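A.B. asks: The structure file data_29.pdb (PDB, C-alpha atoms) is provided below.
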```pdb
ATOM      1  CA  MET A   1    -144.015  33.311 -18.699
ATOM      2  CA  GLY A   2    -144.790  36.423 -16.683
ATOM      3  CA  ASN A   3    -148.226  35.417 -15.352
ATOM      4  CA  LYS A   4    -147.156  32.677 -12.954
ATOM      5  CA  LYS A   5    -149.699  31.382 -10.482
ATOM      6  CA  PRO A   6    -149.003  32.395  -6.884
ATOM      7  CA  GLU A   7    -147.413  29.469  -5.096
ATOM      8  CA  SER A   8    -149.320  27.640  -2.395
ATOM      9  CA  LYS A   9    -148.393  27.918   1.254
ATOM     10  CA  GLU A  10    -146.978  24.378   1.290
ATOM     11  CA  VAL A  11    -144.678  25.069  -1.627
ATOM     12  CA  GLU A  12    -143.407  28.231  -0.006
ATOM     13  CA  GLN A  13    -142.881  26.413   3.258
ATOM     14  CA  TYR A  14    -141.002  23.675   1.471
ATOM     15  CA  LYS A  15    -138.806  26.203  -0.304
ATOM     16  CA  GLN A  16    -137.970  27.822   3.010
ATOM     17  CA  PHE A  17    -137.214  24.421   4.495
ATOM     18  CA  GLU A  18    -135.054  23.482   1.530
ATOM     19  CA  LYS A  19    -133.102  26.703   1.782
ATOM     20  CA  ASN A  20    -131.874  25.730   5.239
ATOM     21  CA  PHE A  21    -130.258  22.561   3.931
ATOM     22  CA  GLU A  22    -129.028  23.862   0.598
ATOM     23  CA  THR A  23    -125.276  24.212   0.223
ATOM     24  CA  LYS A  24    -124.463  27.846  -0.390
ATOM     25  CA  ARG A  25    -122.745  28.580  -3.664
ATOM     26  CA  PRO A  26    -119.391  30.256  -3.044
ATOM     27  CA  VAL A  27    -120.064  32.915  -5.695
ATOM     28  CA  PHE A  28    -117.196  35.196  -4.715
ATOM     29  CA  LYS A  29    -114.713  32.332  -4.528
ATOM     30  CA  ASN A  30    -115.868  31.047  -7.928
ATOM     31  CA  CYS A  31    -115.540  34.507  -9.436
ATOM     32  CA  LEU A  32    -112.057  34.859  -8.021
ATOM     33  CA  LYS A  33    -110.992  31.470  -9.379
ATOM     34  CA  ALA A  34    -112.477  32.277 -12.800
ATOM     35  CA  PHE A  35    -110.767  35.669 -12.780
ATOM     36  CA  LEU A  36    -107.368  34.239 -11.892
ATOM     37  CA  VAL A  37    -107.435  31.288 -14.277
ATOM     38  CA  GLY A  38    -109.020  33.331 -17.097
ATOM     39  CA  GLY A  39    -106.422  36.025 -16.497
ATOM     40  CA  PHE A  40    -103.640  33.464 -16.572
ATOM     41  CA  ILE A  41    -104.889  32.062 -19.905
ATOM     42  CA  CYS A  42    -105.006  35.598 -21.320
ATOM     43  CA  MET A  43    -101.490  36.226 -20.028
ATOM     44  CA  VAL A  44    -100.247  33.148 -21.869
ATOM     45  CA  GLY A  45    -102.047  34.450 -24.975
ATOM     46  CA  GLN A  46    -100.358  37.829 -24.604
ATOM     47  CA  ALA A  47     -96.966  36.131 -24.271
ATOM     48  CA  ILE A  48     -97.637  34.134 -27.448
ATOM     49  CA  THR A  49     -98.667  37.365 -29.245
ATOM     50  CA  TYR A  50     -95.355  38.964 -28.283
ATOM     51  CA  PHE A  51     -93.562  35.807 -29.353
ATOM     52  CA  TYR A  52     -95.087  36.096 -32.839
ATOM     53  CA  ILE A  53     -94.368  39.836 -33.005
ATOM     54  CA  TYR A  54     -90.811  39.370 -31.840
ATOM     55  CA  PHE A  55     -89.674  36.324 -33.815
ATOM     56  CA  PHE A  56     -91.865  36.434 -36.932
ATOM     57  CA  SER A  57     -93.013  39.220 -39.202
ATOM     58  CA  PHE A  58     -96.370  39.754 -37.528
ATOM     59  CA  THR A  59     -97.513  43.164 -36.383
ATOM     60  CA  GLU A  60     -99.762  43.783 -33.388
ATOM     61  CA  GLN A  61    -102.713  43.777 -35.780
ATOM     62  CA  THR A  62    -101.848  40.541 -37.541
ATOM     63  CA  ALA A  63    -100.420  38.575 -34.592
ATOM     64  CA  GLY A  64    -103.942  37.901 -33.266
ATOM     65  CA  ASN A  65    -104.692  35.185 -35.842
ATOM     66  CA  PRO A  66    -101.736  32.847 -35.153
ATOM     67  CA  THR A  67    -102.157  33.502 -31.413
ATOM     68  CA  VAL A  68    -105.777  32.321 -31.466
ATOM     69  CA  ALA A  69    -104.798  29.268 -33.522
ATOM     70  CA  THR A  70    -101.982  28.398 -31.090
ATOM     71  CA  MET A  71    -104.157  28.853 -28.002
ATOM     72  CA  VAL A  72    -106.926  26.680 -29.470
ATOM     73  CA  PHE A  73    -104.361  24.052 -30.455
ATOM     74  CA  ILE A  74    -102.838  23.975 -26.957
ATOM     75  CA  SER A  75    -106.276  23.683 -25.331
ATOM     76  CA  MET A  76    -107.137  20.840 -27.735
ATOM     77  CA  LEU A  77    -104.001  18.979 -26.660
ATOM     78  CA  LEU A  78    -104.764  19.629 -22.997
ATOM     79  CA  THR A  79    -108.336  18.400 -23.478
ATOM     80  CA  GLY A  80    -107.042  15.209 -25.095
ATOM     81  CA  PHE A  81    -104.731  14.620 -22.149
ATOM     82  CA  GLY A  82    -107.570  15.269 -19.711
ATOM     83  CA  VAL A  83    -105.958  18.344 -18.165
ATOM     84  CA  TYR A  84    -108.360  20.995 -19.437
ATOM     85  CA  ASP A  85    -111.402  19.208 -17.942
ATOM     86  CA  ARG A  86    -109.858  19.472 -14.490
ATOM     87  CA  LEU A  87    -109.058  23.114 -15.126
ATOM     88  CA  GLY A  88    -112.674  23.609 -16.194
ATOM     89  CA  GLN A  89    -113.946  22.022 -12.984
ATOM     90  CA  PHE A  90    -111.748  24.313 -10.958
ATOM     91  CA  ALA A  91    -112.160  27.596 -12.824
ATOM     92  CA  GLY A  92    -115.598  27.323 -14.486
ATOM     93  CA  ALA A  93    -116.196  30.289 -16.763
ATOM     94  CA  GLY A  94    -112.541  31.294 -16.389
ATOM     95  CA  SER A  95    -111.578  28.422 -18.652
ATOM     96  CA  ALA A  96    -114.680  28.412 -20.859
ATOM     97  CA  VAL A  97    -114.913  32.069 -21.852
ATOM     98  CA  PRO A  98    -111.448  32.542 -23.426
ATOM     99  CA  VAL A  99    -110.966  31.130 -26.925
ATOM    100  CA  THR A 100    -109.371  28.027 -25.401
ATOM    101  CA  GLY A 101    -112.860  26.995 -24.275
ATOM    102  CA  PHE A 102    -113.747  26.662 -27.955
ATOM    103  CA  GLY A 103    -110.983  24.106 -28.532
ATOM    104  CA  ASN A 104    -112.110  22.254 -25.441
ATOM    105  CA  ALA A 105    -115.734  22.153 -26.637
ATOM    106  CA  VAL A 106    -114.744  20.770 -30.050
ATOM    107  CA  ILE A 107    -112.392  18.063 -28.795
ATOM    108  CA  SER A 108    -114.517  16.919 -25.859
ATOM    109  CA  ALA A 109    -117.453  16.364 -28.265
ATOM    110  CA  ALA A 110    -115.129  14.448 -30.624
ATOM    111  CA  ILE A 111    -113.862  12.237 -27.797
ATOM    112  CA  GLU A 112    -117.376  11.607 -26.523
ATOM    113  CA  HIS A 113    -118.739  10.488 -29.896
ATOM    114  CA  ARG A 114    -115.639   8.647 -31.119
ATOM    115  CA  THR A 115    -117.299   5.275 -30.488
ATOM    116  CA  GLU A 116    -120.105   6.113 -32.948
ATOM    117  CA  GLY A 117    -117.643   6.220 -35.864
ATOM    118  CA  PHE A 118    -115.758   8.937 -37.663
ATOM    119  CA  VAL A 119    -118.486  10.229 -39.969
ATOM    120  CA  LEU A 120    -121.682  10.118 -37.947
ATOM    121  CA  GLY A 121    -119.951  10.196 -34.577
ATOM    122  CA  VAL A 122    -117.019  12.583 -34.718
ATOM    123  CA  GLY A 123    -118.010  14.443 -37.898
ATOM    124  CA  GLY A 124    -121.652  14.818 -36.960
ATOM    125  CA  ASN A 125    -121.085  15.893 -33.389
ATOM    126  CA  LEU A 126    -117.816  17.827 -33.557
ATOM    127  CA  PHE A 127    -119.615  21.158 -33.441
ATOM    128  CA  LYS A 128    -122.375  20.026 -31.109
ATOM    129  CA  LEU A 129    -121.212  22.471 -28.432
ATOM    130  CA  ALA A 130    -119.008  24.780 -30.461
ATOM    131  CA  GLY A 131    -121.676  25.239 -33.134
ATOM    132  CA  SER A 132    -123.568  27.714 -30.970
ATOM    133  CA  VAL A 133    -120.348  29.700 -30.490
ATOM    134  CA  VAL A 134    -119.877  29.885 -34.264
ATOM    135  CA  LEU A 135    -123.535  30.718 -34.907
ATOM    136  CA  PHE A 136    -123.887  33.464 -32.308
ATOM    137  CA  GLY A 137    -120.397  34.762 -33.055
ATOM    138  CA  VAL A 138    -121.230  35.194 -36.731
ATOM    139  CA  PHE A 139    -124.677  36.588 -35.969
ATOM    140  CA  SER A 140    -123.451  39.142 -33.420
ATOM    141  CA  ALA A 141    -120.650  40.170 -35.804
ATOM    142  CA  PHE A 142    -123.316  40.718 -38.467
ATOM    143  CA  VAL A 143    -125.455  42.822 -36.111
ATOM    144  CA  VAL A 144    -122.490  44.937 -34.964
ATOM    145  CA  ALA A 145    -121.337  45.435 -38.581
ATOM    146  CA  LEU A 146    -124.880  46.423 -39.542
ATOM    147  CA  ILE A 147    -125.077  48.996 -36.729
ATOM    148  CA  LYS A 148    -121.648  50.369 -37.674
ATOM    149  CA  THR A 149    -122.627  50.624 -41.354
ATOM    150  CA  ILE A 150    -125.839  52.461 -40.474
ATOM    151  CA  LEU A 151    -123.957  54.856 -38.161
ATOM    152  CA  ILE A 152    -121.334  55.536 -40.859
ATOM    153  CA  LYS A 153    -124.037  56.172 -43.460
ATOM    154  CA  LEU A 154    -125.758  58.578 -41.076
ATOM    155  CA  GLY A 155    -122.446  60.322 -40.541
ATOM    156  CA  ALA A 156    -122.316  59.657 -36.804
ATOM    157  CA  ILE A 157    -118.831  58.109 -36.944
TER     158      ILE A 157
ATOM    159  CA  MET B   1    -101.507  12.776 -15.772
ATOM    160  CA  LYS B   2     -98.109  14.140 -14.816
ATOM    161  CA  LYS B   3     -96.597  12.535 -17.892
ATOM    162  CA  ALA B   4     -99.240  14.108 -20.119
ATOM    163  CA  LEU B   5     -98.634  17.516 -18.601
ATOM    164  CA  THR B   6     -94.895  17.220 -19.067
ATOM    165  CA  LEU B   7     -95.396  16.075 -22.658
ATOM    166  CA  THR B   8     -97.661  19.060 -23.459
ATOM    167  CA  PHE B   9     -95.232  21.448 -21.848
ATOM    168  CA  ILE B  10     -92.244  20.028 -23.734
ATOM    169  CA  THR B  11     -94.134  20.000 -27.063
ATOM    170  CA  THR B  12     -95.229  23.597 -26.657
ATOM    171  CA  LEU B  13     -91.796  24.741 -25.581
ATOM    172  CA  THR B  14     -90.111  22.896 -28.451
ATOM    173  CA  VAL B  15     -92.510  24.334 -31.033
ATOM    174  CA  LEU B  16     -92.083  27.815 -29.620
ATOM    175  CA  LEU B  17     -88.325  27.723 -29.256
ATOM    176  CA  THR B  18     -87.182  25.809 -32.327
ATOM    177  CA  SER B  19     -89.059  28.082 -34.663
ATOM    178  CA  CYS B  20     -87.166  31.166 -33.564
ATOM    179  CA  ASN B  21     -85.355  32.840 -36.406
ATOM    180  CA  SER B  22     -84.423  35.995 -34.650
ATOM    181  CA  ASP B  23     -81.659  38.174 -35.918
ATOM    182  CA  ALA B  24     -82.567  40.857 -33.420
ATOM    183  CA  THR B  25     -79.695  42.359 -31.559
ATOM    184  CA  GLN B  26     -79.422  42.901 -27.834
ATOM    185  CA  HIS B  27     -80.489  46.527 -28.046
ATOM    186  CA  SER B  28     -83.583  46.016 -30.184
ATOM    187  CA  GLY B  29     -84.446  42.937 -28.136
ATOM    188  CA  MET B  30     -85.047  44.973 -25.022
ATOM    189  CA  SER B  31     -86.917  47.757 -26.797
ATOM    190  CA  LEU B  32     -90.262  45.996 -26.330
ATOM    191  CA  ILE B  33     -90.116  46.239 -22.580
ATOM    192  CA  GLN B  34     -88.041  49.308 -21.917
ATOM    193  CA  LYS B  35     -87.424  52.750 -23.341
ATOM    194  CA  SER B  36     -84.750  52.656 -26.045
ATOM    195  CA  ASP B  37     -84.945  56.193 -27.456
ATOM    196  CA  PRO B  38     -83.265  55.472 -30.826
ATOM    197  CA  ASP B  39     -81.576  58.235 -32.776
ATOM    198  CA  PRO B  40     -83.348  59.413 -35.937
ATOM    199  CA  ILE B  41     -82.039  57.785 -39.146
ATOM    200  CA  ILE B  42     -81.636  59.320 -42.595
ATOM    201  CA  LEU B  43     -81.272  56.877 -45.469
ATOM    202  CA  ASP B  44     -80.807  59.115 -48.530
ATOM    203  CA  GLU B  45     -78.593  62.224 -48.821
ATOM    204  CA  LYS B  46     -77.591  63.246 -45.358
ATOM    205  CA  THR B  47     -77.623  67.042 -45.495
ATOM    206  CA  GLU B  48     -77.608  69.358 -42.516
ATOM    207  CA  LYS B  49     -81.188  70.291 -43.351
ATOM    208  CA  ASP B  50     -82.266  66.647 -43.182
ATOM    209  CA  HIS B  51     -80.596  66.180 -39.813
ATOM    210  CA  LYS B  52     -82.411  69.199 -38.463
ATOM    211  CA  LEU B  53     -85.693  68.007 -39.966
ATOM    212  CA  VAL B  54     -85.639  64.513 -38.418
ATOM    213  CA  ALA B  55     -84.453  65.864 -35.063
ATOM    214  CA  SER B  56     -87.263  68.408 -35.101
ATOM    215  CA  ILE B  57     -89.851  65.734 -36.037
ATOM    216  CA  LYS B  58     -88.685  63.481 -33.217
ATOM    217  CA  LYS B  59     -88.806  66.352 -30.738
ATOM    218  CA  ASP B  60     -92.301  67.393 -31.840
ATOM    219  CA  VAL B  61     -93.710  63.872 -31.614
ATOM    220  CA  ALA B  62     -92.010  63.193 -28.271
ATOM    221  CA  LYS B  63     -93.817  66.234 -26.862
ATOM    222  CA  PHE B  64     -97.032  64.199 -26.687
ATOM    223  CA  ASP B  65     -97.522  63.167 -23.053
ATOM    224  CA  GLU B  66     -99.147  59.866 -24.036
ATOM    225  CA  LEU B  67     -95.967  58.556 -25.705
ATOM    226  CA  TYR B  68     -92.743  57.361 -24.187
ATOM    227  CA  ASP B  69     -90.499  56.325 -27.075
ATOM    228  CA  VAL B  70     -90.192  57.690 -30.613
ATOM    229  CA  ALA B  71     -88.239  56.405 -33.628
ATOM    230  CA  VAL B  72     -87.925  58.393 -36.859
ATOM    231  CA  ILE B  73     -86.558  57.048 -40.164
ATOM    232  CA  LYS B  74     -86.296  59.252 -43.231
ATOM    233  CA  GLY B  75     -86.312  57.329 -46.502
ATOM    234  CA  ASP B  76     -86.276  58.549 -50.124
ATOM    235  CA  GLU B  77     -89.896  59.567 -50.227
ATOM    236  CA  GLU B  78     -91.445  58.761 -46.897
ATOM    237  CA  ILE B  79     -90.661  59.456 -43.269
ATOM    238  CA  LEU B  80     -91.547  56.652 -40.869
ATOM    239  CA  VAL B  81     -92.556  57.719 -37.378
ATOM    240  CA  ALA B  82     -92.960  54.847 -34.919
ATOM    241  CA  TYR B  83     -93.808  55.374 -31.265
ATOM    242  CA  LYS B  84     -94.828  53.527 -28.138
ATOM    243  CA  VAL B  85     -97.921  54.600 -26.235
ATOM    244  CA  LYS B  86     -98.074  54.555 -22.431
ATOM    245  CA  HIS B  87     -99.983  51.542 -21.188
ATOM    246  CA  MET B  88    -103.113  53.226 -19.852
ATOM    247  CA  GLN B  89    -103.266  55.523 -22.877
ATOM    248  CA  ARG B  90    -103.497  52.597 -25.279
ATOM    249  CA  PHE B  91    -107.302  52.898 -25.137
ATOM    250  CA  HIS B  92    -106.960  56.173 -27.041
ATOM    251  CA  MET B  93    -104.564  54.905 -29.724
ATOM    252  CA  VAL B  94    -106.690  55.907 -32.713
ATOM    253  CA  LYS B  95    -107.190  59.408 -31.331
ATOM    254  CA  ILE B  96    -103.482  59.808 -30.575
ATOM    255  CA  GLU B  97    -102.502  58.609 -34.059
ATOM    256  CA  GLY B  98    -104.943  61.105 -35.565
ATOM    257  CA  GLU B  99    -103.532  63.959 -33.508
ATOM    258  CA  ILE B 100     -99.936  63.096 -34.431
ATOM    259  CA  ASN B 101    -100.842  62.817 -38.112
ATOM    260  CA  LYS B 102    -102.612  66.169 -38.022
ATOM    261  CA  MET B 103     -99.730  67.871 -36.235
ATOM    262  CA  LEU B 104     -97.141  66.473 -38.664
ATOM    263  CA  GLU B 105     -99.178  67.392 -41.733
ATOM    264  CA  GLU B 106     -99.661  70.945 -40.490
ATOM    265  CA  LYS B 107     -96.067  71.485 -39.474
ATOM    266  CA  TYR B 108     -94.339  69.642 -42.314
ATOM    267  CA  PRO B 109     -96.752  69.875 -45.262
ATOM    268  CA  LYS B 110     -94.092  68.921 -47.848
ATOM    269  CA  GLU B 111     -93.174  65.620 -46.238
ATOM    270  CA  ASN B 112     -94.922  62.298 -46.623
ATOM    271  CA  PHE B 113     -95.413  60.552 -43.270
ATOM    272  CA  ILE B 114     -96.147  57.003 -42.219
ATOM    273  CA  VAL B 115     -97.183  56.971 -38.572
ATOM    274  CA  SER B 116     -97.436  53.801 -36.534
ATOM    275  CA  SER B 117     -97.981  52.866 -32.902
ATOM    276  CA  ASP B 118     -97.360  49.178 -33.603
ATOM    277  CA  TYR B 119     -94.739  47.446 -31.441
ATOM    278  CA  LYS B 120     -93.451  45.493 -34.415
ATOM    279  CA  ILE B 121     -92.821  48.603 -36.488
ATOM    280  CA  PHE B 122     -91.017  50.197 -33.548
ATOM    281  CA  LEU B 123     -88.980  47.030 -32.976
ATOM    282  CA  GLU B 124     -87.965  46.930 -36.655
ATOM    283  CA  ALA B 125     -87.041  50.620 -36.574
ATOM    284  CA  VAL B 126     -84.757  50.065 -33.574
ATOM    285  CA  GLU B 127     -83.278  46.999 -35.259
ATOM    286  CA  LEU B 128     -82.537  49.043 -38.386
ATOM    287  CA  ASN B 129     -80.954  51.682 -36.190
ATOM    288  CA  ASP B 130     -78.696  49.041 -34.650
ATOM    289  CA  LYS B 131     -77.778  47.588 -38.028
ATOM    290  CA  MET B 132     -76.854  51.025 -39.389
ATOM    291  CA  LYS B 133     -74.005  51.101 -36.883
ATOM    292  CA  ASP B 134     -72.496  48.085 -38.622
ATOM    293  CA  PRO B 135     -70.133  49.282 -41.433
ATOM    294  CA  ASP B 136     -70.952  46.182 -43.546
ATOM    295  CA  PHE B 137     -74.619  47.134 -43.671
ATOM    296  CA  SER B 138     -75.035  49.099 -46.917
ATOM    297  CA  GLU B 139     -77.451  51.916 -47.634
ATOM    298  CA  LYS B 140     -79.152  49.697 -50.200
ATOM    299  CA  ASP B 141     -79.849  47.093 -47.523
ATOM    300  CA  ALA B 142     -81.170  49.798 -45.240
ATOM    301  CA  LYS B 143     -83.549  51.070 -47.902
ATOM    302  CA  LYS B 144     -84.732  47.522 -48.538
ATOM    303  CA  LYS B 145     -85.351  47.076 -44.830
ATOM    304  CA  LEU B 146     -87.330  50.319 -44.662
ATOM    305  CA  GLU B 147     -89.453  49.163 -47.577
ATOM    306  CA  GLU B 148     -90.133  45.938 -45.702
ATOM    307  CA  ILE B 149     -91.173  47.886 -42.602
ATOM    308  CA  ILE B 150     -93.542  50.061 -44.627
ATOM    309  CA  LYS B 151     -94.991  46.938 -46.268
ATOM    310  CA  LEU B 152     -95.533  45.447 -42.798
ATOM    311  CA  LYS B 153     -97.302  48.597 -41.663
ATOM    312  CA  LYS B 154     -99.675  48.435 -44.622
ATOM    313  CA  GLU B 155    -100.456  44.763 -44.073
ATOM    314  CA  LEU B 156    -103.797  44.342 -42.364
ATOM    315  CA  THR B 157    -104.541  40.677 -41.966
TER     316      THR B 157
END
```
When written as structure tokens, how does the structure in this file appear?

C.D. replies:
Amino acid sequence: MGNKKPESKEVEQYKQFEKNFETKRPVFKNCLKAFLVGGFICMVGQAITYFYIYFFSFTEQTAGNPTVATMVFISMLLTGFGVYDRLGQFAGAGSAVPVTGFGNAVISAAIEHRTEGFVLGVGGNLFKLAGSVVLFGVFSAFVVALIKTILIKLGAI
Amino acid sequence: MKKALTLTFITTLTVLLTSCNSDATQHSGMSLIQKSDPDPIILDEKTEKDHKLVASIKKDVAKFDELYDVAVIKGDEEILVAYKVKHMQRFHMVKIEGEINKMLEEKYPKENFIVSSDYKIFLEAVELNDKMKDPDFSEKDAKKKLEEIIKLKKELT
């Protein structure tokens, strides 16, 4: 990967030429949108956490589980109604990074493969996108737990 | 699109509102967002010594700059100390809890403390405080409520 051949003069010229016509990505604007929408989703999550603490017997520690479930459920409904896709187009990572993005990934795959049947279509493809989230989530949790265990055994924590 | 949005909003609102089973009073209701400073409660024999003890515990805990609200409940065997941590100090919650525990154990070695920074525990403590003002609320009920709070505190997931 590292030992790339030096590009010819024509290629470099073309790249320079292309750059002049390329639409510039509004990185700052995108970041701002992602920040605001992501922040808004987190604010809704925080409100739901307080709702569970206030009206049910959940503590701050235990309220996280029903909150995540509720947020995923709401995003699944919104995906089904076609609202979350528009939000995703507008906010990008701001709507994909929070846990609601997980619900969106599951349901959009289910909708896409619905025509292929329930077993091979929906069942087989439900975790097509979300599978990587589950895999890397579990793997990184394993790595972090391993590091913590080693540090505890060494007496560092 | 608009219909779908309205439907999602109404569904969410209905689910969130109809499931409320709050018996929280006005006073405890506001304690999540503002300082309530509840008086210390003693559930078993109310001797002069006990009054002094709980007042002294509350004063000692309130001395911590990182906290802004402290509730103390003295039961038969255990003393529950619930407090709210200032927003920006919430990053140091574990450290603060450790310091409070250490201070209490050193100063009151004979007492058995349960220390919590959880909003729910604080909310329940304030609610118990409010209920104690009601003459129909018996000491037995109060002890039962305290047991429930302690059980909540010990619950992890």

A.B. asks: Residues within 12 Å of A:Gln61, please, as a list in words. Count only C-alpha atoms; anything in the same chain fewer than 4 positions from it doesn't count.

C.D. replies: Thr49, Tyr50, Tyr52, Ile53, Ser57, Asn65, Pro66 and Thr67 of chain A; Ser116, Ser117, Asp118, Tyr119, Lys120, Ile121, Leu152, Lys153, Lys154, Glu155, Leu156 and Thr157 of chain B

A.B. asks: Please measure the separation of atom CA of B:Glu148 and atom CA of B:Glu106, giving the value in Å to one decimal.

C.D. replies: 27.3 Å

A.B. asks: Using all atoms listed in the file, determine which residues lie at most 9 Å from A:Ser108, disregarding the query and same-chain residues fewer than 5 positions distant; provide the list as a list of chain:residue names.

C.D. replies: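 Answer for this query is A:Met76, A:Thr79, A:Gly80, A:Asp85, A:Gly103, A:His113, A:Leu126.
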
A.B. asks: Using the chain letters and numbers from the file, give me the residues hit by the PyMOL selection byres ((chain A) within 8 of (chain B)), as a list in words.

C.D. replies: Ile53, Tyr54, Phe55, Phe56, Ser57, Phe58, Thr59, Glu60, Gln61, Thr62, Ile74, Leu77, Leu78, Phe81, Gly82 and Val83 of chain A

A.B. asks: Rank nothing, just name the residue among B:Met88, B:Leu104, B:Ala142, B:Ile150 nearest to B:Val61, using all atoms listed in the file.

C.D. replies: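 Smallest separation from B:Val61 among the options: B:Leu104.
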
A.B. asks: Excluding A:Phe40 and its own-chain neighbours fewer than 4 positions away, which residues fall within 12 Å of it when counting all atoms listed in the file? Please give them as a list in words.

C.D. replies: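 Returned residues: Lys33, Ala34, Phe35, Leu36, Val44, Gly45, Gln46, Ala47, Leu87, Ala91, Gly94, Ser95, Pro98 and Thr100 of chain A.
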
A.B. asks: Emit the selected residues as a short mmCIF file (atom, residue, chain, number, x, y, z; two decimals), in the frame of the given file, including C-alpha atoms.

C.D. replies:
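As a result, part.cif now contains:
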```cif
data_model
loop_
_atom_site.label_atom_id
_atom_site.label_comp_id
_atom_site.auth_asym_id
_atom_site.auth_seq_id
_atom_site.Cartn_x
_atom_site.Cartn_y
_atom_site.Cartn_z
CA LYS A 33 -110.99 31.47 -9.38
CA ALA A 34 -112.48 32.28 -12.80
CA PHE A 35 -110.77 35.67 -12.78
CA LEU A 36 -107.37 34.24 -11.89
CA VAL A 44 -100.25 33.15 -21.87
CA GLY A 45 -102.05 34.45 -24.98
CA GLN A 46 -100.36 37.83 -24.60
CA ALA A 47 -96.97 36.13 -24.27
CA LEU A 87 -109.06 23.11 -15.13
CA ALA A 91 -112.16 27.60 -12.82
CA GLY A 94 -112.54 31.29 -16.39
CA SER A 95 -111.58 28.42 -18.65
CA PRO A 98 -111.45 32.54 -23.43
CA THR A 100 -109.37 28.03 -25.40
#
```

A.B. asks: On this file, the PyMOL selection byres ((chain A and resi 132-134) around 12) gives some set of residues; write that set as a list of chain:residue names.

C.D. replies: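 Applying the PyMOL selection byres ((chain A and resi 132-134) around 12) to the structure shown produces A:Ala96, A:Val97, A:Pro98, A:Val99, A:Gly101, A:Phe102, A:Gly103, A:Ala105, A:Val106, A:Leu126, A:Phe127, A:Lys128, A:Leu129, A:Ala130, A:Gly131, A:Leu135, A:Phe136, A:Gly137, A:Val138, A:Phe139, A:Ser140, A:Ala141.
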
A.B. asks: Which one is closest to B:Tyr83: B:Val126, B:Pro135, B:Asn112, B:Asp50? Count only C-alpha atoms.

C.D. replies: B:Val126

A.B. asks: Between atom CA of B:Ala55 and atom CA of B:Glu97, what is the distance in Å, rounded to a tenth?

C.D. replies: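 Going from atom CA of B:Ala55 over to atom CA of B:Glu97 covers 19.5 Å.
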
A.B. asks: For B:Ala82, which residue out of B:Lys52, B:Lys140, B:Pro40, B:Val94 is the nearest one, using all atoms listed in the file?

C.D. replies: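 Checking each of B:Lys52, B:Lys140, B:Pro40, B:Val94 against B:Ala82, counting all atoms listed in the file, the winner is B:Pro40.
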
A.B. asks: How many Å separate atom CA of B:Ser56 from atom CA of B:Asp44?

C.D. replies: 17.6 Å

A.B. asks: Using all atoms listed in the file, list the residues that have an atom at most 12 Å from (-83.3, 52.7, -52.6), coordinates as in the file, as a PDB file with C-alpha atoms, in the frame of the given file.

C.D. replies:
```pdb
ATOM      1  CA  LEU B  43     -81.272  56.877 -45.469  1.00  0.00           C
ATOM      2  CA  ASP B  44     -80.807  59.115 -48.530  1.00  0.00           C
ATOM      3  CA  GLU B  45     -78.593  62.224 -48.821  1.00  0.00           C
ATOM      4  CA  LYS B  74     -86.296  59.252 -43.231  1.00  0.00           C
ATOM      5  CA  GLY B  75     -86.312  57.329 -46.502  1.00  0.00           C
ATOM      6  CA  ASP B  76     -86.276  58.549 -50.124  1.00  0.00           C
ATOM      7  CA  GLU B  77     -89.896  59.567 -50.227  1.00  0.00           C
ATOM      8  CA  GLU B  78     -91.445  58.761 -46.897  1.00  0.00           C
ATOM      9  CA  SER B 138     -75.035  49.099 -46.917  1.00  0.00           C
ATOM     10  CA  GLU B 139     -77.451  51.916 -47.634  1.00  0.00           C
ATOM     11  CA  LYS B 140     -79.152  49.697 -50.200  1.00  0.00           C
ATOM     12  CA  ASP B 141     -79.849  47.093 -47.523  1.00  0.00           C
ATOM     13  CA  ALA B 142     -81.170  49.798 -45.240  1.00  0.00           C
ATOM     14  CA  LYS B 143     -83.549  51.070 -47.902  1.00  0.00           C
ATOM     15  CA  LYS B 144     -84.732  47.522 -48.538  1.00  0.00           C
ATOM     16  CA  LYS B 145     -85.351  47.076 -44.830  1.00  0.00           C
ATOM     17  CA  LEU B 146     -87.330  50.319 -44.662  1.00  0.00           C
ATOM     18  CA  GLU B 147     -89.453  49.163 -47.577  1.00  0.00           C
ATOM     19  CA  GLU B 148     -90.133  45.938 -45.702  1.00  0.00           C
TER      20      GLU B 148
END
```

A.B. asks: Which is closer to A:Gln89 than all the others in A:Gly123, A:Ile157, A:Val37, A:Phe73, using only C-alpha atoms?

C.D. replies: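 Among A:Gly123, A:Ile157, A:Val37, A:Phe73, it is A:Val37 that comes nearest to A:Gln89.
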
A.B. asks: Quick one: of B:Ile73, B:Ile79, B:Met132, B:Ala62, who's nearest to B:Glu105, counting all atoms listed in the file?

C.D. replies: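 Smallest distance to B:Glu105 is found for B:Ile79.
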
A.B. asks: To test the calculation: enclose all listed atoms of stretch 59-77 of chain A in a box whose edges run along x, y and z, add 5 Å on each side, then state centre and edge lengths in Å to one decimal, as JSON.

C.D. replies:
```
{"center_x": -102.3, "center_y": 31.4, "center_z": -31.4, "size_x": 19.6, "size_y": 34.8, "size_z": 22.2}
```
